[in-house]
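With TSV, C-alpha atoms inside, this is model.tsv:
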```tsv
chain	number	residue	atom	x	y	z
A	9	MET	CA	6.87	19.43	-4.03
A	10	HIS	CA	10.48	19.28	-3.00
A	11	THR	CA	12.97	18.01	-5.53
A	12	ARG	CA	16.43	19.03	-6.62
A	13	ALA	CA	16.30	17.32	-10.04
A	14	ALA	CA	14.30	17.66	-13.23
A	15	PRO	CA	11.28	15.31	-13.53
A	16	LYS	CA	12.20	11.66	-14.23
A	17	GLU	CA	15.89	12.44	-13.80
A	18	ALA	CA	17.77	10.03	-11.56
A	19	ARG	CA	20.16	12.40	-9.86
A	20	PHE	CA	21.04	12.52	-6.22
A	21	PRO	CA	22.49	15.79	-4.96
A	22	ASP	CA	24.78	15.75	-1.99
A	23	TYR	CA	22.69	17.13	0.85
A	24	GLU	CA	24.47	18.51	3.85
A	25	ASP	CA	21.12	18.43	5.70
A	26	VAL	CA	18.34	16.86	3.63
A	27	VAL	CA	15.61	17.75	6.15
A	28	GLY	CA	16.79	21.37	6.35
A	29	ASP	CA	16.91	21.50	2.55
A	30	VAL	CA	13.33	20.22	2.24
A	31	VAL	CA	11.98	22.58	4.91
A	32	GLY	CA	13.82	25.58	3.44
A	33	PHE	CA	12.71	24.71	-0.10
A	34	LEU	CA	9.07	24.41	0.97
A	35	GLU	CA	9.24	27.68	2.93
A	36	ASP	CA	10.62	29.42	-0.17
A	37	ALA	CA	7.99	27.80	-2.41
A	38	MET	CA	5.22	28.98	-0.08
A	39	ALA	CA	6.61	32.52	-0.10
A	40	ARG	CA	6.86	32.51	-3.92
A	41	ALA	CA	3.32	31.17	-4.30
A	42	GLN	CA	1.92	33.79	-1.92
A	43	ALA	CA	3.85	36.55	-3.72
A	44	GLN	CA	2.07	35.42	-6.89
A	45	GLY	CA	-1.33	35.74	-5.21
A	46	CYS	CA	-1.96	32.28	-3.76
A	47	ARG	CA	-3.63	32.34	-0.37
A	48	PRO	CA	-2.01	30.19	2.33
A	49	GLU	CA	-5.13	27.99	2.56
A	50	GLN	CA	-4.61	27.05	-1.10
A	51	LEU	CA	-1.21	25.49	-0.43
A	52	VAL	CA	-0.38	21.86	0.27
A	53	LEU	CA	3.19	20.78	0.95
A	54	ASP	CA	4.82	17.67	-0.52
A	55	PRO	CA	8.25	16.70	0.83
A	56	GLY	CA	8.82	14.61	-2.32
A	57	PRO	CA	9.95	11.23	-0.98
A	58	ASP	CA	12.34	9.64	-3.51
A	59	PHE	CA	12.46	12.72	-5.73
A	60	ALA	CA	16.21	13.48	-5.94
A	61	LYS	CA	16.67	11.65	-2.65
A	62	ARG	CA	18.32	8.37	-1.83
A	63	PRO	CA	16.14	5.92	0.13
A	64	GLY	CA	17.76	6.79	3.46
A	65	GLU	CA	17.24	10.50	2.78
A	66	SER	CA	13.55	9.95	2.07
A	67	VAL	CA	13.27	8.15	5.41
A	68	LEU	CA	15.03	11.00	7.23
A	69	VAL	CA	12.62	13.52	5.71
A	70	LEU	CA	9.57	11.45	6.69
A	71	ARG	CA	10.91	10.95	10.21
A	72	ALA	CA	11.00	14.76	10.49
A	73	PHE	CA	7.29	15.08	9.80
A	74	ASP	CA	6.90	17.35	12.81
A	75	ARG	CA	9.16	19.93	11.11
A	76	LEU	CA	7.01	19.76	7.98
A	77	ALA	CA	3.81	20.13	10.03
A	78	ALA	CA	5.35	23.16	11.76
A	79	LEU	CA	5.07	25.00	8.41
A	80	ASP	CA	1.35	25.20	9.22
A	81	ARG	CA	0.08	23.86	5.90
A	82	PRO	CA	-1.40	20.45	5.09
A	83	VAL	CA	1.26	17.90	4.17
A	84	LEU	CA	0.80	15.39	1.36
A	85	ALA	CA	2.39	11.99	1.89
A	86	ALA	CA	3.02	10.28	-1.44
A	87	VAL	CA	4.63	7.11	-0.12
A	88	SER	CA	2.88	4.38	-2.13
A	89	ARG	CA	5.22	1.89	-3.84
A	90	LYS	CA	8.20	4.24	-3.45
A	91	TYR	CA	11.83	3.29	-3.99
A	92	PHE	CA	12.65	3.70	-0.30
A	93	LEU	CA	10.09	0.96	0.42
A	94	GLY	CA	11.90	-1.28	-2.03
A	95	ALA	CA	15.16	-0.53	-0.26
A	96	VAL	CA	13.57	-1.57	3.04
A	97	THR	CA	11.78	-4.69	1.78
A	98	GLY	CA	13.84	-5.78	-1.21
A	99	ARG	CA	10.64	-5.99	-3.26
A	100	PRO	CA	9.84	-4.50	-6.68
A	101	PRO	CA	7.10	-1.85	-6.97
A	102	ASP	CA	4.30	-4.31	-7.82
A	103	GLN	CA	5.04	-6.27	-4.63
A	104	ARG	CA	5.06	-3.37	-2.17
A	105	LEU	CA	1.42	-3.46	-1.04
A	106	GLY	CA	2.20	-4.29	2.59
A	107	ALA	CA	5.00	-1.74	2.74
A	108	SER	CA	2.84	0.91	1.06
A	109	VAL	CA	-0.04	0.33	3.49
A	110	ALA	CA	2.33	0.48	6.47
A	111	ALA	CA	3.88	3.71	5.20
A	112	ALA	CA	0.45	5.26	4.58
A	113	VAL	CA	-0.78	4.37	8.07
A	114	TRP	CA	2.44	5.72	9.57
A	115	ALA	CA	2.09	8.96	7.59
A	116	ALA	CA	-1.54	9.40	8.66
A	117	ARG	CA	-0.54	8.91	12.29
A	118	ALA	CA	2.33	11.38	11.82
A	119	GLY	CA	-0.15	14.01	10.68
A	120	ALA	CA	-0.39	13.79	6.89
A	121	ALA	CA	-3.50	15.59	5.68
A	122	ILE	CA	-3.50	13.85	2.29
A	123	LEU	CA	-2.29	10.40	1.29
A	124	ARG	CA	-1.46	9.63	-2.33
A	125	VAL	CA	-1.92	5.88	-2.75
A	126	HIS	CA	-2.31	3.28	-5.47
A	127	ASP	CA	-4.30	0.75	-3.43
A	128	VAL	CA	-7.15	2.85	-2.07
A	129	ALA	CA	-9.35	0.09	-0.60
A	130	GLU	CA	-6.46	-1.56	1.26
A	131	VAL	CA	-5.24	1.71	2.75
A	132	ALA	CA	-8.79	2.75	3.68
A	133	ASP	CA	-9.29	-0.60	5.44
A	134	ALA	CA	-6.00	-0.26	7.32
A	135	LEU	CA	-6.89	3.27	8.43
A	136	ALA	CA	-10.38	2.15	9.52
A	137	VAL	CA	-8.93	-0.69	11.61
A	138	THR	CA	-6.33	1.64	13.11
A	139	ARG	CA	-9.02	4.13	14.12
A	140	VAL	CA	-11.06	1.39	15.82
A	141	LEU	CA	-8.05	-0.04	17.63
A	142	ASP	CA	-7.01	3.45	18.73
A	143	GLY	CA	-10.51	3.96	20.20
A	144	LEU	CA	-11.39	6.78	17.80
A	145	ASP	CA	-14.19	4.80	16.12
A	146	GLU	CA	-16.32	1.86	17.18
A	147	VAL	CA	-17.00	-1.41	15.41
A	148	GLY	CA	-20.19	-0.98	13.40
A	149	GLU	CA	-23.27	-3.12	13.59
A	150	VAL	CA	-22.77	-6.56	12.09
A	151	ASP	CA	-25.37	-9.04	10.93
A	152	PRO	CA	-24.47	-12.23	12.83
A	153	ASP	CA	-25.93	-14.27	9.97
A	154	ASP	CA	-23.64	-12.70	7.35
A	155	ASP	CA	-21.32	-15.61	6.67
A	156	ARG	CA	-19.21	-13.55	4.22
A	157	LEU	CA	-17.44	-11.96	7.18
A	158	LYS	CA	-16.63	-15.20	9.04
A	159	TRP	CA	-13.88	-17.76	8.83
A	160	ILE	CA	-16.19	-20.44	10.17
A	161	ARG	CA	-19.44	-20.58	8.31
A	162	SER	CA	-22.76	-21.68	9.70
A	163	ALA	CA	-23.75	-25.21	8.85
A	164	PRO	CA	-26.67	-25.44	6.46
A	165	SER	CA	-29.86	-25.99	8.36
A	166	SER	CA	-31.25	-29.47	8.11
A	167	ARG	CA	-34.90	-29.99	7.59
A	168	SER	CA	-36.70	-32.88	9.08
A	169	GLY	CA	-39.36	-34.34	6.91
```
Translate the structure of the given file into structure tokens.
Amino acid sequence: MHTRAAPKEARFPDYEDVVGDVVGFLEDAMARAQAQGCRPEQLVLDPGPDFAKRPGESVLVLRAFDRLAALDRPVLAAVSRKYFLGAVTGRPPDQRLGASVAAAVWAARAGAAILRVHDVAEVADALAVTRVLDGLDEVGEVDPDDDRLKWIRSAPSSRSG
């Protein structure tokens, strides 16, 4: 994972090129890991959104997802409830569900191999809907009598007697 600060330390270095710094850091980390005996297929890359990055810098790194993917390793997108989402929405972490889901769907579409999320069911639903709307999956079979899935419920049947 890219960071230029110790864990839990709120420090923002002055990046000349934050994307170049992240890519170079991850390239070096891959080389060090392989020199220690890790096989390339054991490595996953994390650009570290919000870790020693201002919100705008996190966004720049995510927008450069193609450069991360070019490193030819799976990329982890840990975007759930992040500070940059708060900067965009003005909401505190416990109110960032919509922003977190949007960021996760964006990351999946950008090529993230792994999503780290807090709200698993909501993100899974959003990804399922996206896949159907993109034509990658079809709507499954639905029981037309299953009123749980409808806004308008069937009227109870009346019995004549």
12 Å contact set for Asp54 of chain A, all atoms listed in the file, chain neighbours under 3 positions out, as a PyMOL selection string = chain A and resi 9-11+30-31+33-35+37-38+51+57-59+66+69-70+73+76-77+79+81-87+120-124
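Across the structure, atom CA of Tyr91 of chain A and atom CA of Gln50 of chain A are spaced 29.0 Å apart.
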What's the 9 Å shell around Arg12 of chain A, counting all atoms listed in the file, without same-chain residues fewer than 3 positions away, as a PDB file with C-alpha atoms, keeping the file's coordinate frame?
```pdb
ATOM      1  CA  ARG A  19      20.160  12.400  -9.860  1.00  0.00           C
ATOM      2  CA  PHE A  20      21.040  12.520  -6.220  1.00  0.00           C
ATOM      3  CA  PRO A  21      22.490  15.790  -4.960  1.00  0.00           C
ATOM      4  CA  PHE A  59      12.460  12.720  -5.730  1.00  0.00           C
ATOM      5  CA  ALA A  60      16.210  13.480  -5.940  1.00  0.00           C
ATOM      6  CA  LYS A  61      16.670  11.650  -2.650  1.00  0.00           C
TER       7      LYS A  61
END
```
Could you jot down the atom CA of Ala110 of chain A to atom CA of Arg89 of chain A separation for me, Å, one decimal place?
->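 Going from atom CA of Ala110 of chain A over to atom CA of Arg89 of chain A, I get 10.8 Å.
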Please return segment 64-77 of chain A, rebuilt to N, CA and C atoms, as a compact mmCIF listing (two decimals), in the coordinates of the input.
```txt
# COMPACT_ATOMS: atom_id res chain seq x y z
N GLY A 64 17.53 6.37 2.07
CA GLY A 64 17.76 6.79 3.46
C GLY A 64 17.41 8.25 3.69
N GLU A 65 17.59 9.08 2.66
CA GLU A 65 17.24 10.50 2.78
C GLU A 65 15.73 10.68 2.82
N SER A 66 15.01 9.89 2.02
CA SER A 66 13.55 9.95 2.07
C SER A 66 13.05 9.58 3.47
N VAL A 67 13.66 8.57 4.05
CA VAL A 67 13.27 8.15 5.41
C VAL A 67 13.56 9.27 6.41
N LEU A 68 14.72 9.91 6.31
CA LEU A 68 15.03 11.00 7.23
C LEU A 68 14.01 12.14 7.13
N VAL A 69 13.61 12.46 5.90
CA VAL A 69 12.62 13.52 5.71
C VAL A 69 11.28 13.12 6.34
N LEU A 70 10.85 11.89 6.11
CA LEU A 70 9.57 11.45 6.69
C LEU A 70 9.64 11.39 8.21
N ARG A 71 10.76 10.98 8.75
CA ARG A 71 10.91 10.95 10.21
C ARG A 71 10.82 12.35 10.82
N ALA A 72 11.06 13.37 10.02
CA ALA A 72 11.00 14.76 10.49
C ALA A 72 9.65 15.39 10.17
N PHE A 73 8.62 14.59 10.15
CA PHE A 73 7.29 15.08 9.80
C PHE A 73 6.84 16.24 10.67
N ASP A 74 7.27 16.25 11.92
CA ASP A 74 6.90 17.35 12.81
C ASP A 74 7.44 18.68 12.29
N ARG A 75 8.62 18.68 11.67
CA ARG A 75 9.16 19.93 11.11
C ARG A 75 8.36 20.38 9.90
N LEU A 76 7.85 19.42 9.13
CA LEU A 76 7.01 19.76 7.98
C LEU A 76 5.68 20.32 8.48
N ALA A 77 5.09 19.67 9.48
CA ALA A 77 3.81 20.13 10.03
C ALA A 77 3.94 21.52 10.65
```
